[in-house]
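File shown: protein.json. Contents: JSON, C-alpha atoms (C1' of nucleotides).
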[["chain", "number", "residue", "atom", "x", "y", "z"],
["O", 13, "MET", "CA", 0.00, 0.00, 0.00],
["O", 14, "GLU", "CA", 1.28, 3.45, -0.84],
["O", 15, "PRO", "CA", 1.35, 5.86, 2.08],
["O", 16, "ASP", "CA", 1.37, 8.84, -0.29],
["O", 17, "ILE", "CA", -2.14, 7.99, -1.35],
["O", 18, "ASN", "CA", -3.41, 8.14, 2.21],
["O", 19, "GLN", "CA", -1.65, 11.47, 2.66],
["O", 20, "ARG", "CA", -3.46, 12.87, -0.37],
["O", 21, "ILE", "CA", -6.78, 11.57, 0.87],
["O", 22, "TRP", "CA", -6.31, 13.02, 4.34],
["O", 23, "GLN", "CA", -5.26, 16.35, 2.88],
["O", 24, "VAL", "CA", -8.42, 16.54, 0.80],
["O", 25, "VAL", "CA", -10.54, 15.67, 3.82],
["O", 26, "ALA", "CA", -8.84, 18.47, 5.71],
["O", 27, "LEU", "CA", -10.06, 20.90, 3.04],
["O", 28, "ILE", "CA", -13.74, 20.24, 3.68],
["O", 29, "PRO", "CA", -15.08, 23.38, 5.37],
["O", 30, "PRO", "CA", -17.03, 23.14, 8.64],
["O", 31, "GLY", "CA", -20.76, 22.71, 8.16],
["O", 32, "LYS", "CA", -20.21, 20.89, 4.88],
["O", 33, "VAL", "CA", -19.72, 17.26, 3.90],
["O", 34, "ALA", "CA", -18.17, 15.31, 1.02],
["O", 35, "THR", "CA", -18.85, 11.81, -0.24],
["O", 36, "TYR", "CA", -16.18, 9.12, -0.41],
["O", 37, "GLY", "CA", -16.30, 9.37, -4.18],
["O", 38, "ASP", "CA", -15.85, 13.14, -4.06],
["O", 39, "VAL", "CA", -12.80, 12.86, -1.83],
["O", 40, "ALA", "CA", -11.30, 10.22, -4.11],
["O", 41, "ALA", "CA", -11.87, 12.36, -7.19],
["O", 42, "GLN", "CA", -10.41, 15.46, -5.51],
["O", 43, "ALA", "CA", -7.37, 13.40, -4.53],
["O", 44, "GLY", "CA", -6.89, 12.45, -8.17],
["O", 45, "LEU", "CA", -8.16, 8.90, -7.71],
["O", 46, "PRO", "CA", -11.48, 8.71, -9.53],
["O", 47, "GLY", "CA", -13.42, 5.61, -8.63],
["O", 48, "ALA", "CA", -11.29, 4.85, -5.60],
["O", 49, "ALA", "CA", -14.00, 5.48, -3.03],
["O", 50, "ARG", "CA", -13.10, 2.27, -1.25],
["O", 51, "ARG", "CA", -9.57, 3.45, -0.68],
["O", 52, "VAL", "CA", -10.93, 6.52, 1.04],
["O", 53, "GLY", "CA", -12.82, 4.32, 3.46],
["O", 54, "ARG", "CA", -9.68, 2.36, 4.20],
["O", 55, "ALA", "CA", -7.62, 5.53, 4.65],
["O", 56, "LEU", "CA", -10.10, 6.90, 7.15],
["O", 57, "LYS", "CA", -10.12, 3.65, 9.06],
["O", 58, "LEU", "CA", -6.37, 4.05, 9.57],
["O", 59, "LEU", "CA", -6.73, 7.44, 11.25],
["O", 60, "PRO", "CA", -5.74, 7.37, 14.94],
["O", 61, "THR", "CA", -8.29, 8.36, 17.54],
["O", 62, "GLY", "CA", -7.87, 11.98, 18.44],
["O", 63, "THR", "CA", -6.65, 13.00, 15.00],
["O", 64, "ARG", "CA", -7.28, 16.55, 13.88],
["O", 65, "ILE", "CA", -8.43, 15.40, 10.47],
["O", 66, "PRO", "CA", -12.17, 16.15, 10.18],
["O", 67, "TRP", "CA", -13.06, 12.63, 9.08],
["O", 68, "HIS", "CA", -16.63, 13.12, 10.29],
["O", 69, "ARG", "CA", -17.35, 15.30, 7.25],
["O", 70, "VAL", "CA", -17.11, 12.30, 4.93],
["O", 71, "VAL", "CA", -20.37, 10.47, 4.20],
["O", 72, "ASN", "CA", -21.50, 7.93, 1.63],
["O", 73, "ALA", "CA", -23.14, 8.71, -1.71],
["O", 74, "GLN", "CA", -26.57, 8.69, -0.09],
["O", 75, "GLY", "CA", -25.55, 11.28, 2.47],
["O", 76, "GLY", "CA", -25.60, 8.71, 5.23],
["O", 77, "ILE", "CA", -23.01, 7.56, 7.74],
["O", 78, "SER", "CA", -21.21, 4.37, 6.71],
["O", 79, "LEU", "CA", -20.33, 3.20, 10.18],
["O", 80, "PRO", "CA", -22.03, 0.43, 12.16],
["O", 81, "PRO", "CA", -25.21, 1.82, 13.72],
["O", 82, "GLY", "CA", -24.81, 2.11, 17.46],
["O", 83, "SER", "CA", -21.02, 2.29, 17.39],
["O", 84, "SER", "CA", -19.44, 5.14, 19.31],
["O", 85, "SER", "CA", -17.74, 6.48, 16.19],
["O", 86, "GLN", "CA", -21.06, 6.61, 14.38],
["O", 87, "TYR", "CA", -22.51, 8.61, 17.25],
["O", 88, "THR", "CA", -19.50, 10.90, 17.31],
["O", 89, "GLN", "CA", -19.75, 11.61, 13.60],
["O", 90, "ARG", "CA", -23.40, 12.58, 13.76],
["O", 91, "GLU", "CA", -22.94, 14.71, 16.86],
["O", 92, "ARG", "CA", -20.03, 16.62, 15.38],
["O", 93, "LEU", "CA", -21.86, 17.30, 12.14],
["O", 94, "GLU", "CA", -24.98, 18.50, 13.89],
["O", 95, "ALA", "CA", -22.79, 20.71, 16.08],
["O", 96, "GLU", "CA", -21.52, 22.33, 12.86],
["O", 97, "GLY", "CA", -25.05, 22.96, 11.63],
["O", 98, "VAL", "CA", -25.49, 19.97, 9.33],
["O", 99, "VAL", "CA", -29.10, 18.77, 9.42],
["O", 100, "PHE", "CA", -29.97, 15.09, 9.23],
["O", 101, "LYS", "CA", -33.25, 14.12, 7.61],
["O", 102, "ALA", "CA", -35.65, 11.58, 9.08],
["O", 103, "ASN", "CA", -33.95, 8.74, 7.20],
["O", 104, "GLY", "CA", -30.64, 9.53, 8.86],
["O", 105, "ALA", "CA", -29.06, 11.08, 5.77],
["O", 106, "VAL", "CA", -28.03, 14.68, 5.08],
["O", 107, "ASP", "CA", -29.29, 16.69, 2.11],
["O", 108, "LEU", "CA", -26.29, 16.58, -0.18],
["O", 109, "ARG", "CA", -27.76, 19.29, -2.36],
["O", 110, "ARG", "CA", -27.30, 21.71, 0.52],
["O", 111, "PHE", "CA", -24.32, 20.43, 2.47],
["O", 112, "ARG", "CA", -22.01, 18.95, -0.16],
["O", 113, "ALA", "CA", -18.61, 20.67, -0.18],
["O", 114, "PHE", "CA", -17.43, 19.74, -3.67],
["O", 115, "GLN", "CA", -20.52, 20.41, -5.76],
["O", 116, "PRO", "CA", -20.35, 18.94, -9.30],
["K", 6, "DG", "C1'", -3.13, -19.51, -6.04],
["K", 7, "DT", "C1'", -8.62, -18.58, -5.15],
["K", 8, "DA", "C1'", -12.48, -16.53, -2.28],
["K", 9, "DC", "C1'", -14.50, -13.34, 0.50],
["K", 10, "DT", "C1'", -14.87, -8.99, 2.72],
["K", 11, "DG", "C1'", -15.37, -4.05, 3.30],
["K", 12, "DA", "C1'", -16.18, 3.59, 6.59],
["K", 13, "DC", "C1'", -17.94, 2.61, -1.73],
["K", 14, "DC", "C1'", -20.35, 3.95, -6.31],
["K", 15, "DA", "C1'", -22.93, 4.75, -10.79],
["K", 16, "DG", "C1'", -25.88, 2.85, -13.97],
["K", 17, "DA", "C1'", -29.19, -0.52, -15.43],
["K", 18, "DT", "C1'", -33.26, -3.20, -14.51],
["F", 4, "DC", "C1'", -38.93, 2.61, -4.68],
["F", 5, "DA", "C1'", -35.59, -2.11, -4.44],
["F", 6, "DT", "C1'", -32.07, -5.17, -6.52],
["F", 7, "DC", "C1'", -28.60, -6.43, -9.32],
["F", 8, "DT", "C1'", -24.06, -5.79, -11.96],
["F", 9, "DG", "C1'", -19.68, -4.65, -12.50],
["F", 10, "DG", "C1'", -16.07, -1.74, -11.17],
["F", 11, "DC", "C1'", -12.69, -0.70, -7.48],
["F", 12, "DC", "C1'", -8.40, -2.66, -4.42],
["F", 13, "DA", "C1'", -5.98, -3.92, 0.02],
["F", 14, "DG", "C1'", -6.38, -7.16, 3.77],
["F", 15, "DT", "C1'", -7.45, -11.69, 5.44],
["F", 16, "DA", "C1'", -8.28, -16.69, 5.43]]

Serialized structure, structure tokens:
Amino acid sequence: MEPDINQRIWQVVALIPPGKVATYGDVAAQAGLPGAARRVGRALKLLPTGTRIPWHRVVNAQGGISLPPGSSSQYTQRERLEAEGVVFKANGAVDLRRFRAFQP
DNA sequence: GTACTGACCAGAT
DNA sequence: CATCTGGCCAGTA
């Protein structure tokens, strides 16, 4: 595995402004790796607890959180986003049309 | 070496 | 709306 790739991914994630989100696919594309959404997921999984990278601003293509429901990290992600003003709809997903950082 | 899995996704059916 | 299909690619068994 190439560590440079993870660096690029993390750097892109760091660019997402507060109150906005980006999808895994968006982050991959911004990092110059179109179609490598899965790598983004892996890269985020490697982040140490307590990192300053705003990993919570990355959601899946449906605007939902791709972490096991009930896990502490899932709870943390939702809490942090709501604290930044991101609104979750009844189905547990955010409105990407309003909160997406890298609009097409 | 194959087979399955996963913080995924777009397009077709 | 729900499912399926094929693409992606590193880790694990």

Residues at most 10 Å from DA12 of chain K, counting only C-alpha atoms (C1' of nucleotides), excluding those fewer than 5 positions away in the same chain, as a VMD selection string? chain O and resid 36 50 to 57 67 70 to 72 77 to 80 86

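Here is the contact set of chain F against chain O, at 8 Å and counting all atoms listed in the file: DC11, DC12 and DA13 of chain F.
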
Would you put the residues from that selection into a file with C-alpha atoms (C1' of nucleotides), as a PDB file, in the coordinates of the input?
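As a result, out-v1.pdb now contains:
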ATOM      1  C1'  DC F  11     -12.690  -0.700  -7.480  1.00  0.00           C
ATOM      2  C1'  DC F  12      -8.400  -2.660  -4.420  1.00  0.00           C
ATOM      3  C1'  DA F  13      -5.980  -3.920   0.020  1.00  0.00           C
TER       4       DA F  13
END

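The two atoms in question, atom CA of Gly104 of chain O and atom CA of Arg20 of chain O, are spaced 28.9 Å apart.
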
Between atom CA of Ala73 of chain O and atom CA of Gly37 of chain O, measure the distance and give it in Å to one decimal. 7.3 Å

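For the pair atom CA of Ala113 of chain O and atom C1' of DA17 of chain K, the separation is 28.2 Å.
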
Give the residues of chain K that lie within 10 Å of chain O; count all atoms listed in the file, and format the answer as a PyMOL selection string. chain K and resi 11-15

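For DC9 of chain K, the residues within 12 Å (counting all atoms listed in the file, excluding itself and residues fewer than 4 positions away along the chain) are DG14, DT15 and DA16 of chain F.
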
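Distance check against Ala34 of chain O using all atoms listed in the file: of O:Asn103, O:Thr63, O:Gln115, O:Ser83, the minimum falls on O:Gln115.
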